[in-house]
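What follows is a single structure, written as structure tokens, with notes after it.
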Amino acid sequence: LRALEKAILEVLGEVRVTVADFEPMKAKARELLTWLGKAKLKVPAEELKEVRSYLEWLLDNHFTFLGYEEFSVADEADGGRMVYDEKSFLGLTRLLRAGLSKDDLHIEDYAVAYLREPVLLSFAKA
């Protein structure tokens, strides 16, 4: 019974942090949408239009934002390392990225190459 209580309290904590940061996460998406409207990007107009339309669709209550993070990739001899901007963490990211070890931050070569590809929008869902 204690294990069930612990599991329920953990889930409620995740819900609490996600709900508390839901509007700030939507605000980040709106900021990106505004930036895309002003930036002088060297991308095909159709691609830019598609990305903007997708963000507008997400913001029109078609998606539940669960987390947000900003990071860079540092090169290392055996691949790379995630360098998170901890001040950017919103939602579940605040819980999931807390206390990561050096091994947790390691990225294999193939993933470094993927993260360095020039992509206008990268979006992950789990």
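Ligands are numbered from 1 in the order shown, residues from 1 within each chain, and chains are lettered A, B, ... in the order they appear in the structure tokens.
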
* Find the residues around Asp75 of chain A up to 10 Å (only C-alpha atoms counted), leave out those fewer than 2 positions away in its own chain, and share them as a ChimeraX atom specification. => /A:72-73,77-82,106-107,109,112

* Asked: Would you give me, as a PyMOL selection string, the residues in chain A that DSSP reads as alpha helix (DSSP H)?
  -> chain A and resi 2-20+22-38+45-57+93-96+102-105+109-115

* Hey, can you check how far atom CA of Leu66 of chain A sits from atom CA of Glu108 of chain A? -> 25.6 Å

Considering only C-alpha atoms, give me a table of residues in segment 41-108 of chain A that are at most 10 Å from segment 4-20 of chain A, with the closest atom pair and distance in Å for each, as a tab-separated table.
residue	atom	partner	partner_atom	distance
A:Thr64	CA	A:Thr18	CA	9.5
A:Phe65	CA	A:Thr18	CA	7.9
A:Leu66	CA	A:Thr18	CA	5.7
A:Gly67	CA	A:Thr18	CA	7.2
A:Leu90	CA	A:Thr18	CA	7.7
A:Gly91	CA	A:Thr18	CA	4.2
A:Leu92	CA	A:Thr18	CA	5.9
A:Thr93	CA	A:Thr18	CA	9.0
A:Arg94	CA	A:Val17	CA	8.0
A:Leu95	CA	A:Glu14	CA	7.7
A:Leu96	CA	A:Glu14	CA	9.8

* From A:Ala27, A:Ala39, A:Leu105, A:Ala98, residue lying nearest Leu58 of chain A [only C-alpha atoms] ->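 Counting only C-alpha atoms, the residue closest to Leu58 of chain A is A:Ala27.
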
* For each of A:Ala111, A:Leu100, A:Leu41, A:Met25, take the minimum atom-to-atom distance to Ser88 of chain A, counting only C-alpha atoms, then give the residue where this is smallest. =>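 Checking each candidate against Ser88 of chain A, we get A:Met25 as the closest.
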
* **strand (DSSP E) residues, from DSSP on the backbone, in chain A, as a PyMOL selection string** => chain A and resi 67-68+71-76+79-84+90-91+106-107

* **Shell around Phe71 of chain A at 6 Å using only C-alpha atoms, local window under 2 positions removed, as a ChimeraX atom specification** => /A:83-85

Now that the selection is made, can you save its residues with C-alpha atoms as a compact mmCIF listing (two decimals), in the first residue's frame?
# COMPACT_ATOMS: atom_id res chain seq x y z
CA VAL A 83 25.16 21.34 -21.85
CA TYR A 84 21.77 22.34 -20.50
CA ASP A 85 20.65 25.85 -19.69

* What's the 10 Å shell around segment 49-53 of chain A, counting only C-alpha atoms, without same-chain residues fewer than 4 positions away, as an NGL selection string? -> :A and (32-34 or 36-37 or 44-45 or 57-59 or 120-122)
